[in-house]
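*Asks:* The following file, input-v4.pdb, comprises PDB, C-alpha atoms, pLDDT in the B column:
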```pdb
ATOM      1  CA  MET A   1     -25.030   2.254   7.860  1.00 52.00           C
ATOM      2  CA  GLY A   2     -21.748   4.127   7.378  1.00 56.00           C
ATOM      3  CA  ARG A   3     -19.594   4.410   4.266  1.00 57.00           C
ATOM      4  CA  GLY A   4     -16.386   6.251   3.543  1.00 66.00           C
ATOM      5  CA  ASP A   5     -14.158   6.667   0.500  1.00 70.00           C
ATOM      6  CA  ASP A   6     -10.605   7.825   1.272  1.00 81.00           C
ATOM      7  CA  PRO A   7      -8.190   8.724  -1.538  1.00 84.00           C
ATOM      8  CA  TYR A   8      -4.756   9.278   0.032  1.00 89.00           C
ATOM      9  CA  PHE A   9      -1.057   9.616  -0.738  1.00 88.00           C
ATOM     10  CA  TRP A  10       1.422   7.248   0.910  1.00 89.00           C
ATOM     11  CA  MET A  11       4.924   8.779   1.026  1.00 88.00           C
ATOM     12  CA  THR A  12       6.726   5.442   1.034  1.00 87.00           C
ATOM     13  CA  ILE A  13      10.250   4.711   2.224  1.00 89.00           C
ATOM     14  CA  TYR A  14      11.793   1.315   1.407  1.00 88.00           C
ATOM     15  CA  GLU A  15      14.154  -0.724   3.579  1.00 93.00           C
ATOM     16  CA  GLY A  16      15.372  -4.162   2.479  1.00 91.00           C
ATOM     17  CA  THR A  17      16.042  -6.182  -0.658  1.00 88.00           C
ATOM     18  CA  MET A  18      14.322  -7.577  -3.743  1.00 85.00           C
ATOM     19  CA  THR A  19      15.728 -10.559  -5.667  1.00 84.00           C
ATOM     20  CA  VAL A  20      14.773 -11.279  -9.294  1.00 80.00           C
ATOM     21  CA  ASP A  21      16.231 -14.313 -11.089  1.00 80.00           C
ATOM     22  CA  GLY A  22      18.923 -14.641  -8.428  1.00 80.00           C
ATOM     23  CA  THR A  23      20.021 -10.989  -8.677  1.00 76.00           C
ATOM     24  CA  THR A  24      19.516  -9.029  -5.447  1.00 81.00           C
ATOM     25  CA  VAL A  25      18.960  -5.280  -5.320  1.00 78.00           C
ATOM     26  CA  ASP A  26      19.216  -3.346  -2.042  1.00 84.00           C
ATOM     27  CA  LEU A  27      16.419  -0.757  -1.939  1.00 81.00           C
ATOM     28  CA  SER A  28      17.260   0.615   1.522  1.00 88.00           C
ATOM     29  CA  GLY A  29      16.808   4.367   1.721  1.00 86.00           C
ATOM     30  CA  THR A  30      14.851   4.622  -1.539  1.00 81.00           C
ATOM     31  CA  THR A  31      11.678   6.720  -1.405  1.00 82.00           C
ATOM     32  CA  VAL A  32       8.678   7.075  -3.695  1.00 78.00           C
ATOM     33  CA  PHE A  33       9.989  10.538  -4.610  1.00 78.00           C
ATOM     34  CA  ASP A  34      13.271   8.969  -5.821  1.00 76.00           C
ATOM     35  CA  LEU A  35      11.291   6.619  -8.057  1.00 73.00           C
ATOM     36  CA  LEU A  36       9.065   9.372  -9.431  1.00 71.00           C
ATOM     37  CA  ASP A  37      12.112  11.584 -10.082  1.00 74.00           C
ATOM     38  CA  ALA A  38      14.046   8.831 -11.881  1.00 69.00           C
ATOM     39  CA  GLY A  39      11.208   7.553 -14.047  1.00 66.00           C
ATOM     40  CA  GLY A  40       8.122   8.613 -15.926  1.00 68.00           C
ATOM     41  CA  VAL A  41       4.649   7.684 -14.735  1.00 67.00           C
ATOM     42  CA  ASN A  42       2.832   5.137 -16.917  1.00 66.00           C
ATOM     43  CA  PHE A  43      -0.341   5.871 -14.970  1.00 60.00           C
ATOM     44  CA  PRO A  44      -0.889   8.093 -11.913  1.00 62.00           C
ATOM     45  CA  PRO A  45      -0.700   6.450  -8.486  1.00 68.00           C
ATOM     46  CA  LEU A  46      -4.144   5.151  -7.532  1.00 75.00           C
ATOM     47  CA  VAL A  47      -4.307   4.901  -3.752  1.00 87.00           C
ATOM     48  CA  ASN A  48      -7.701   4.585  -2.082  1.00 90.00           C
ATOM     49  CA  TYR A  49      -9.377   3.118   1.014  1.00 92.00           C
ATOM     50  CA  PHE A  50     -13.089   2.277   0.977  1.00 92.00           C
ATOM     51  CA  GLU A  51     -15.099   1.027   3.954  1.00 93.00           C
ATOM     52  CA  ALA A  52     -18.782   0.302   4.508  1.00 92.00           C
ATOM     53  CA  ARG A  53     -20.434  -0.787   7.779  1.00 91.00           C
ATOM     54  CA  LYS A  54     -23.947  -1.825   8.769  1.00 92.00           C
ATOM     55  CA  GLY A  55     -24.529  -2.784  12.370  1.00 91.00           C
ATOM     56  CA  ARG A  56     -21.609  -4.819  13.670  1.00 94.00           C
ATOM     57  CA  TRP A  57     -20.511  -6.024  10.222  1.00 96.00           C
ATOM     58  CA  GLY A  58     -18.567  -4.222   7.541  1.00 96.00           C
ATOM     59  CA  GLY A  59     -16.093  -4.566   4.720  1.00 96.00           C
ATOM     60  CA  TYR A  60     -13.012  -2.732   3.481  1.00 96.00           C
ATOM     61  CA  LEU A  61     -10.960  -2.388   0.295  1.00 95.00           C
ATOM     62  CA  ASP A  62      -7.513  -0.730   0.305  1.00 95.00           C
ATOM     63  CA  THR A  63      -5.856  -0.393  -3.131  1.00 93.00           C
ATOM     64  CA  ASN A  64      -2.403   0.815  -4.216  1.00 91.00           C
ATOM     65  CA  PHE A  65      -1.472   0.946  -7.916  1.00 88.00           C
ATOM     66  CA  ILE A  66       1.580   2.608  -9.501  1.00 84.00           C
ATOM     67  CA  GLY A  67       3.217   2.163 -12.900  1.00 81.00           C
ATOM     68  CA  LEU A  68       6.624   3.667 -13.750  1.00 76.00           C
ATOM     69  CA  ASN A  69       8.867   3.703 -16.818  1.00 70.00           C
ATOM     70  CA  PHE A  70      12.647   4.224 -16.671  1.00 65.00           C
ATOM     71  CA  GLU A  71      14.572   5.025 -19.879  1.00 59.00           C
ATOM     72  CA  ASN A  72      18.302   5.638 -20.218  1.00 55.00           C
ATOM     73  CA  GLU A  73      20.851   5.771 -23.026  1.00 50.00           C
ATOM     74  CA  PHE A  74      24.519   4.848 -22.651  1.00 45.00           C
ATOM     75  CA  SER A  75      27.287   5.791 -25.097  1.00 45.00           C
ATOM     76  CA  THR A  76      29.727   3.106 -26.268  1.00 45.00           C
ATOM     77  CA  ARG A  77      33.357   3.319 -27.402  1.00 48.00           C
ATOM     78  CA  LEU A  78      32.192   2.951 -30.997  1.00 44.00           C
ATOM     79  CA  PRO A  79      31.360   6.339 -32.598  1.00 52.00           C
ATOM     80  CA  GLY A  80      27.674   6.793 -33.233  1.00 52.00           C
ATOM     81  CA  ARG A  81      26.700   3.696 -31.260  1.00 52.00           C
ATOM     82  CA  SER A  82      24.737   3.684 -28.036  1.00 56.00           C
ATOM     83  CA  ILE A  83      22.778   1.292 -25.872  1.00 53.00           C
ATOM     84  CA  SER A  84      19.322   2.158 -24.594  1.00 58.00           C
ATOM     85  CA  ALA A  85      17.650   0.545 -21.602  1.00 55.00           C
ATOM     86  CA  ASP A  86      13.906   0.601 -21.046  1.00 66.00           C
ATOM     87  CA  LEU A  87      12.412  -0.613 -17.755  1.00 64.00           C
ATOM     88  CA  ASP A  88       8.689  -0.836 -16.995  1.00 77.00           C
ATOM     89  CA  PHE A  89       7.788  -1.330 -13.336  1.00 77.00           C
ATOM     90  CA  THR A  90       4.284  -1.931 -11.976  1.00 86.00           C
ATOM     91  CA  TYR A  91       3.400  -2.302  -8.284  1.00 87.00           C
ATOM     92  CA  ILE A  92      -0.002  -3.401  -6.993  1.00 92.00           C
ATOM     93  CA  LEU A  93      -0.997  -3.870  -3.355  1.00 94.00           C
ATOM     94  CA  ILE A  94      -4.585  -4.774  -2.459  1.00 95.00           C
ATOM     95  CA  ASN A  95      -6.003  -5.384   1.029  1.00 95.00           C
ATOM     96  CA  ALA A  96      -9.636  -6.476   1.286  1.00 96.00           C
ATOM     97  CA  GLY A  97     -11.753  -8.190   3.911  1.00 96.00           C
ATOM     98  CA  LEU A  98     -14.468  -8.128   6.539  1.00 97.00           C
ATOM     99  CA  ILE A  99     -14.881  -6.154   9.763  1.00 97.00           C
ATOM    100  CA  TYR A 100     -16.756  -7.229  12.885  1.00 98.00           C
ATOM    101  CA  THR A 101     -17.259  -4.796  15.765  1.00 97.00           C
ATOM    102  CA  VAL A 102     -16.672  -6.701  18.995  1.00 98.00           C
ATOM    103  CA  ALA A 103     -17.369  -3.835  21.405  1.00 97.00           C
ATOM    104  CA  GLU A 104     -18.437  -0.215  21.283  1.00 95.00           C
ATOM    105  CA  TRP A 105     -18.768   2.171  24.192  1.00 93.00           C
ATOM    106  CA  THR A 106     -19.453   5.872  24.791  1.00 93.00           C
ATOM    107  CA  GLU A 107     -17.263   8.034  27.010  1.00 83.00           C
ATOM    108  CA  GLY A 108     -18.147  11.700  27.487  1.00 84.00           C
ATOM    109  CA  THR A 109     -18.523  13.244  24.042  1.00 89.00           C
ATOM    110  CA  GLY A 110     -17.002  10.387  22.076  1.00 92.00           C
ATOM    111  CA  THR A 111     -17.405   6.769  21.014  1.00 94.00           C
ATOM    112  CA  THR A 112     -14.674   4.129  21.010  1.00 96.00           C
ATOM    113  CA  ALA A 113     -14.931   0.780  19.226  1.00 96.00           C
ATOM    114  CA  PHE A 114     -12.858  -2.380  18.889  1.00 98.00           C
ATOM    115  CA  ASP A 115     -13.020  -4.354  15.606  1.00 98.00           C
ATOM    116  CA  PHE A 116     -11.760  -7.686  14.366  1.00 98.00           C
ATOM    117  CA  MET A 117     -10.545  -7.587  10.746  1.00 97.00           C
ATOM    118  CA  GLY A 118      -9.777 -10.495   8.461  1.00 96.00           C
ATOM    119  CA  GLY A 119      -9.221 -10.833   4.733  1.00 95.00           C
ATOM    120  CA  LEU A 120      -6.709 -11.139   1.927  1.00 93.00           C
ATOM    121  CA  ARG A 121      -3.650  -9.168   0.835  1.00 94.00           C
ATOM    122  CA  TYR A 122      -2.417  -9.378  -2.769  1.00 94.00           C
ATOM    123  CA  THR A 123       1.070  -8.144  -3.706  1.00 93.00           C
ATOM    124  CA  HIS A 124       2.225  -7.829  -7.320  1.00 91.00           C
ATOM    125  CA  TYR A 125       5.519  -6.632  -8.827  1.00 88.00           C
ATOM    126  CA  ASP A 126       5.809  -6.675 -12.627  1.00 86.00           C
ATOM    127  CA  ILE A 127       9.255  -5.936 -14.114  1.00 79.00           C
ATOM    128  CA  ASP A 128       9.992  -5.690 -17.852  1.00 77.00           C
ATOM    129  CA  LEU A 129      13.564  -4.783 -18.918  1.00 67.00           C
ATOM    130  CA  ASP A 130      14.577  -4.321 -22.579  1.00 68.00           C
ATOM    131  CA  ILE A 131      18.137  -3.370 -23.668  1.00 61.00           C
ATOM    132  CA  ASP A 132      18.647  -2.394 -27.316  1.00 64.00           C
ATOM    133  CA  PRO A 133      20.557  -3.416 -29.438  1.00 55.00           C
ATOM    134  CA  LEU A 134      21.641  -6.167 -27.038  1.00 54.00           C
ATOM    135  CA  PRO A 135      19.490  -9.325 -26.966  1.00 53.00           C
ATOM    136  CA  VAL A 136      18.326  -8.633 -23.425  1.00 50.00           C
ATOM    137  CA  ASP A 137      14.622  -8.856 -22.670  1.00 58.00           C
ATOM    138  CA  LEU A 138      13.926  -9.726 -19.044  1.00 66.00           C
ATOM    139  CA  SER A 139      10.369 -10.061 -17.799  1.00 73.00           C
ATOM    140  CA  ALA A 140       9.473 -11.171 -14.297  1.00 81.00           C
ATOM    141  CA  THR A 141       6.339 -11.161 -12.194  1.00 87.00           C
ATOM    142  CA  LEU A 142       6.510 -11.538  -8.433  1.00 89.00           C
ATOM    143  CA  ASP A 143       3.101 -11.931  -6.883  1.00 90.00           C
ATOM    144  CA  TRP A 144       1.455 -13.710  -3.988  1.00 92.00           C
ATOM    145  CA  TRP A 145      -1.612 -13.832  -1.715  1.00 91.00           C
ATOM    146  CA  ASP A 146      -1.715 -13.611   2.076  1.00 91.00           C
ATOM    147  CA  ILE A 147      -4.536 -14.383   4.489  1.00 93.00           C
ATOM    148  CA  THR A 148      -4.584 -11.548   7.027  1.00 95.00           C
ATOM    149  CA  LEU A 149      -5.915 -11.501  10.586  1.00 96.00           C
ATOM    150  CA  GLY A 150      -5.970  -8.289  12.560  1.00 97.00           C
ATOM    151  CA  ALA A 151      -7.756  -5.838  14.816  1.00 98.00           C
ATOM    152  CA  ARG A 152      -8.531  -2.139  15.045  1.00 98.00           C
ATOM    153  CA  LEU A 153      -9.223   0.347  17.817  1.00 97.00           C
ATOM    154  CA  ARG A 154     -10.991   3.533  16.694  1.00 96.00           C
ATOM    155  CA  GLY A 155     -12.564   6.607  18.218  1.00 95.00           C
ATOM    156  CA  GLU A 156     -14.947   9.317  17.022  1.00 93.00           C
ATOM    157  CA  TYR A 157     -15.878  12.499  18.876  1.00 93.00           C
ATOM    158  CA  ASP A 158     -18.720  15.018  18.705  1.00 92.00           C
ATOM    159  CA  SER A 159     -16.145  17.733  17.931  1.00 92.00           C
ATOM    160  CA  GLY A 160     -15.420  16.010  14.607  1.00 90.00           C
ATOM    161  CA  TRP A 161     -12.050  14.543  15.555  1.00 94.00           C
ATOM    162  CA  PHE A 162     -11.404  10.833  14.967  1.00 94.00           C
ATOM    163  CA  TRP A 163      -8.517   8.383  15.213  1.00 95.00           C
ATOM    164  CA  SER A 164      -7.768   4.726  14.493  1.00 96.00           C
ATOM    165  CA  LEU A 165      -5.011   2.192  15.073  1.00 97.00           C
ATOM    166  CA  ARG A 166      -5.077  -1.117  13.211  1.00 97.00           C
ATOM    167  CA  GLY A 167      -2.703  -3.967  12.584  1.00 97.00           C
ATOM    168  CA  ASP A 168      -2.620  -7.393  10.970  1.00 96.00           C
ATOM    169  CA  LEU A 169      -0.392 -10.439  10.582  1.00 94.00           C
ATOM    170  CA  ALA A 170      -0.062 -12.922   7.725  1.00 91.00           C
ATOM    171  CA  GLY A 171       2.222 -15.653   6.509  1.00 78.00           C
ATOM    172  CA  ALA A 172       2.682 -19.039   8.171  1.00 65.00           C
ATOM    173  CA  ASP A 173       4.250 -20.135   4.845  1.00 63.00           C
ATOM    174  CA  ILE A 174       0.863 -20.179   3.114  1.00 68.00           C
ATOM    175  CA  GLU A 175       2.556 -18.077   0.428  1.00 68.00           C
ATOM    176  CA  ALA A 176       4.617 -15.505   2.314  1.00 68.00           C
ATOM    177  CA  ARG A 177       6.882 -16.547   5.146  1.00 82.00           C
ATOM    178  CA  PHE A 178       5.692 -13.616   7.232  1.00 91.00           C
ATOM    179  CA  SER A 179       3.960 -10.279   6.811  1.00 92.00           C
ATOM    180  CA  ALA A 180       2.949  -7.584   9.296  1.00 95.00           C
ATOM    181  CA  GLN A 181       1.179  -4.270   8.914  1.00 96.00           C
ATOM    182  CA  VAL A 182       0.417  -1.387  11.295  1.00 97.00           C
ATOM    183  CA  VAL A 183      -1.557   1.735  10.349  1.00 96.00           C
ATOM    184  CA  GLY A 184      -2.235   4.687  12.638  1.00 96.00           C
ATOM    185  CA  ALA A 185      -4.264   7.722  11.561  1.00 95.00           C
ATOM    186  CA  PHE A 186      -6.198  10.710  12.878  1.00 95.00           C
ATOM    187  CA  GLY A 187      -8.237  13.487  11.331  1.00 94.00           C
ATOM    188  CA  ARG A 188     -11.227  15.778  11.556  1.00 94.00           C
ATOM    189  CA  ASP A 189     -14.585  16.080   9.812  1.00 91.00           C
ATOM    190  CA  PHE A 190     -15.656  19.183   7.921  1.00 90.00           C
ATOM    191  CA  THR A 191     -18.288  20.200   5.393  1.00 87.00           C
ATOM    192  CA  LEU A 192     -17.503  21.623   1.965  1.00 83.00           C
ATOM    193  CA  GLY A 193     -20.750  22.947   0.562  1.00 80.00           C
ATOM    194  CA  SER A 194     -23.150  20.052   0.868  1.00 80.00           C
ATOM    195  CA  VAL A 195     -20.410  17.393   0.937  1.00 81.00           C
ATOM    196  CA  ASN A 196     -19.358  15.775   4.232  1.00 85.00           C
ATOM    197  CA  MET A 197     -15.588  15.324   4.209  1.00 87.00           C
ATOM    198  CA  SER A 198     -12.628  14.720   6.508  1.00 91.00           C
ATOM    199  CA  TRP A 199      -8.913  15.331   6.313  1.00 93.00           C
ATOM    200  CA  MET A 200      -6.664  12.505   7.444  1.00 93.00           C
ATOM    201  CA  ALA A 201      -2.981  12.082   8.369  1.00 96.00           C
ATOM    202  CA  GLY A 202      -1.116   9.064   9.679  1.00 96.00           C
ATOM    203  CA  TYR A 203       1.667   6.535   9.282  1.00 97.00           C
ATOM    204  CA  ARG A 204       1.695   3.102   7.641  1.00 96.00           C
ATOM    205  CA  TYR A 205       4.205   0.275   8.151  1.00 97.00           C
ATOM    206  CA  LEU A 206       4.281  -2.935   6.080  1.00 96.00           C
ATOM    207  CA  TYR A 207       6.880  -5.707   6.306  1.00 96.00           C
ATOM    208  CA  GLN A 208       6.879  -8.627   3.836  1.00 94.00           C
ATOM    209  CA  ASP A 209       9.129 -11.701   3.645  1.00 93.00           C
ATOM    210  CA  TRP A 210       8.431 -13.896   0.599  1.00 92.00           C
ATOM    211  CA  ASP A 211      10.425 -16.138  -1.737  1.00 89.00           C
ATOM    212  CA  ASP A 212       9.800 -18.476  -4.660  1.00 88.00           C
ATOM    213  CA  GLY A 213      12.778 -20.140  -6.327  1.00 86.00           C
ATOM    214  CA  ASP A 214      15.249 -17.459  -7.471  1.00 85.00           C
ATOM    215  CA  ASP A 215      12.814 -14.630  -6.627  1.00 87.00           C
ATOM    216  CA  ALA A 216      12.435 -13.094  -3.183  1.00 90.00           C
ATOM    217  CA  VAL A 217      11.201 -10.008  -1.359  1.00 91.00           C
ATOM    218  CA  ASP A 218      12.465  -9.062   2.110  1.00 93.00           C
ATOM    219  CA  LEU A 219      11.188  -5.529   2.285  1.00 92.00           C
ATOM    220  CA  THR A 220       9.782  -2.964   4.696  1.00 95.00           C
ATOM    221  CA  THR A 221       7.589  -0.292   3.145  1.00 92.00           C
ATOM    222  CA  HIS A 222       6.676   2.550   5.482  1.00 94.00           C
ATOM    223  CA  GLY A 223       5.964   6.262   5.562  1.00 93.00           C
ATOM    224  CA  PRO A 224       3.472   9.024   6.368  1.00 94.00           C
ATOM    225  CA  MET A 225       0.038   9.282   4.738  1.00 93.00           C
ATOM    226  CA  VAL A 226      -2.225  12.231   3.983  1.00 93.00           C
ATOM    227  CA  GLY A 227      -5.649  12.155   2.424  1.00 91.00           C
ATOM    228  CA  LEU A 228      -9.313  13.064   2.333  1.00 87.00           C
ATOM    229  CA  ARG A 229     -12.414  11.124   3.317  1.00 83.00           C
ATOM    230  CA  PHE A 230     -15.778  11.444   1.615  1.00 81.00           C
ATOM    231  CA  ARG A 231     -18.632  10.256   3.836  1.00 74.00           C
ATOM    232  CA  PHE A 232     -21.865   8.820   2.435  1.00 68.00           C
TER     233      PHE A 232
END
```
Just dump the structure as structure tokens.
*Replies:*
Amino acid sequence: MGRGDDPYFWMTIYEGTMTVDGTTVDLSGTTVFDLLDAGGVNFPPLVNYFEARKGRWGGYLDTNFIGLNFENEFSTRLPGRSISADLDFTYILINAGLIYTVAEWTEGTGTTAFDFMGGLRYTHYDIDLDIDPLPVDLSATLDWWDITLGARLRGEYDSGWFWSLRGDLAGADIEARFSAQVVGAFGRDFTLGSVNMSWMAGYRYLYQDWDDGDDAVDLTTHGPMVGLRFRF
């Protein structure tokens, strides 16, 4: 049985638009560093991948949580009067499902395996805008579920190096019109004291096309990843 817990940082870049109550915002070119620089952190980003396997079967849980707060104050033409805007923004992305190893073979000093992966993806955007002293209090939640079907090719070597390439598709108008994800990563095992660990680097690409009434998301989220793996 194999288990791994991988906290990592996803340096996201956004391309596309988000529409809330009929108002569309173009996020193209925005990065996670822009968001962190412009706003305060309500809670630190919680990004983690957990996987457990026994025999041919396994399961995975990939979680992304971030909460930001944006505050700004604008002067008016009236002396001593100002308008303050307060925006709370929460983003949650969860991928979870099952893994089945279809084939596994040994070549030289390494092992390569091919897996089927299927599960659910939950996306959640929570936006809360308050403008004082104006009577503006806008709250909106954009969230939906996808059924994902995908596959993964992975390799592990006696030298400690490993790599993986996985992808999945979702949509078919179940909730999202279409969604696609590709994740490639590589790394190497090492031991820190009595703890078996690995460093990991890679790239993640996620495209989502969803709409519901006056709300819509047509957004690509992509960027490099770095992290650690703790093996149990």
*Asks:* My list of candidates is A:Thr112, A:Arg121, A:Ser139, A:Thr106. Which is closest to A:Ile92 when distances are computed with all atoms listed in the file?
*Replies:*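 Under the stated criterion, the closest residue is A:Arg121.
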*Asks:* Which one is closest to A:Gly29: A:Ser194, A:Thr220, A:Gln208, A:Thr123? Count all atoms listed in the file.
*Replies:*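 Among the listed residues, A:Thr220 lies closest to A:Gly29.
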*Asks:* Record the distance separating atom CA of A:Gly184 and atom CA of A:Phe114, expressed in Å with one decimal.
*Replies:*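 Between atom CA of A:Gly184 and atom CA of A:Phe114 the gap is 14.2 Å.
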*Asks:* Apply the PyMOL selection byres ((chain A and resi 159-174) around 7) to the displayed file and report the matching residues as a PyMOL selection string.
*Replies:* chain A and resi 146-158+175-189
*Asks:* Given the file shown, determine the residues that the PyMOL selection byres ((chain A and resi 26) around 10) selects; report them as a list in words.
*Replies:*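 Taken on the displayed file, the PyMOL selection byres ((chain A and resi 26) around 10) yields the residues Tyr14, Glu15, Gly16, Thr17, Met18, Thr19, Thr24, Val25, Leu27, Ser28, Gly29, Thr30, Asp218 and Leu219 of chain A.
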*Asks:* At a cut-off of 9 Å from (11.3, -12.8, -9.1) in the coordinates of the file, what residues are picked up using only C-alpha atoms, written as a PyMOL selection string?
*Replies:* chain A and resi 18-23+125-127+140-143+211-217
*Asks:* With C-alpha atoms kept, could you save the residues just selected as an mmCIF file, keeping the file's coordinate frame?
*Replies:*
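Listing of out-v5.cif after writing:
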```
data_model
loop_
_atom_site.group_PDB
_atom_site.id
_atom_site.type_symbol
_atom_site.label_atom_id
_atom_site.label_comp_id
_atom_site.auth_asym_id
_atom_site.auth_seq_id
_atom_site.Cartn_x
_atom_site.Cartn_y
_atom_site.Cartn_z
ATOM 1 C CA MET A 18 14.322 -7.577 -3.743
ATOM 2 C CA THR A 19 15.728 -10.559 -5.667
ATOM 3 C CA VAL A 20 14.773 -11.279 -9.294
ATOM 4 C CA ASP A 21 16.231 -14.313 -11.089
ATOM 5 C CA GLY A 22 18.923 -14.641 -8.428
ATOM 6 C CA THR A 23 20.021 -10.989 -8.677
ATOM 7 C CA TYR A 125 5.519 -6.632 -8.827
ATOM 8 C CA ASP A 126 5.809 -6.675 -12.627
ATOM 9 C CA ILE A 127 9.255 -5.936 -14.114
ATOM 10 C CA ALA A 140 9.473 -11.171 -14.297
ATOM 11 C CA THR A 141 6.339 -11.161 -12.194
ATOM 12 C CA LEU A 142 6.510 -11.538 -8.433
ATOM 13 C CA ASP A 143 3.101 -11.931 -6.883
ATOM 14 C CA ASP A 211 10.425 -16.138 -1.737
ATOM 15 C CA ASP A 212 9.800 -18.476 -4.660
ATOM 16 C CA GLY A 213 12.778 -20.140 -6.327
ATOM 17 C CA ASP A 214 15.249 -17.459 -7.471
ATOM 18 C CA ASP A 215 12.814 -14.630 -6.627
ATOM 19 C CA ALA A 216 12.435 -13.094 -3.183
ATOM 20 C CA VAL A 217 11.201 -10.008 -1.359
#
```
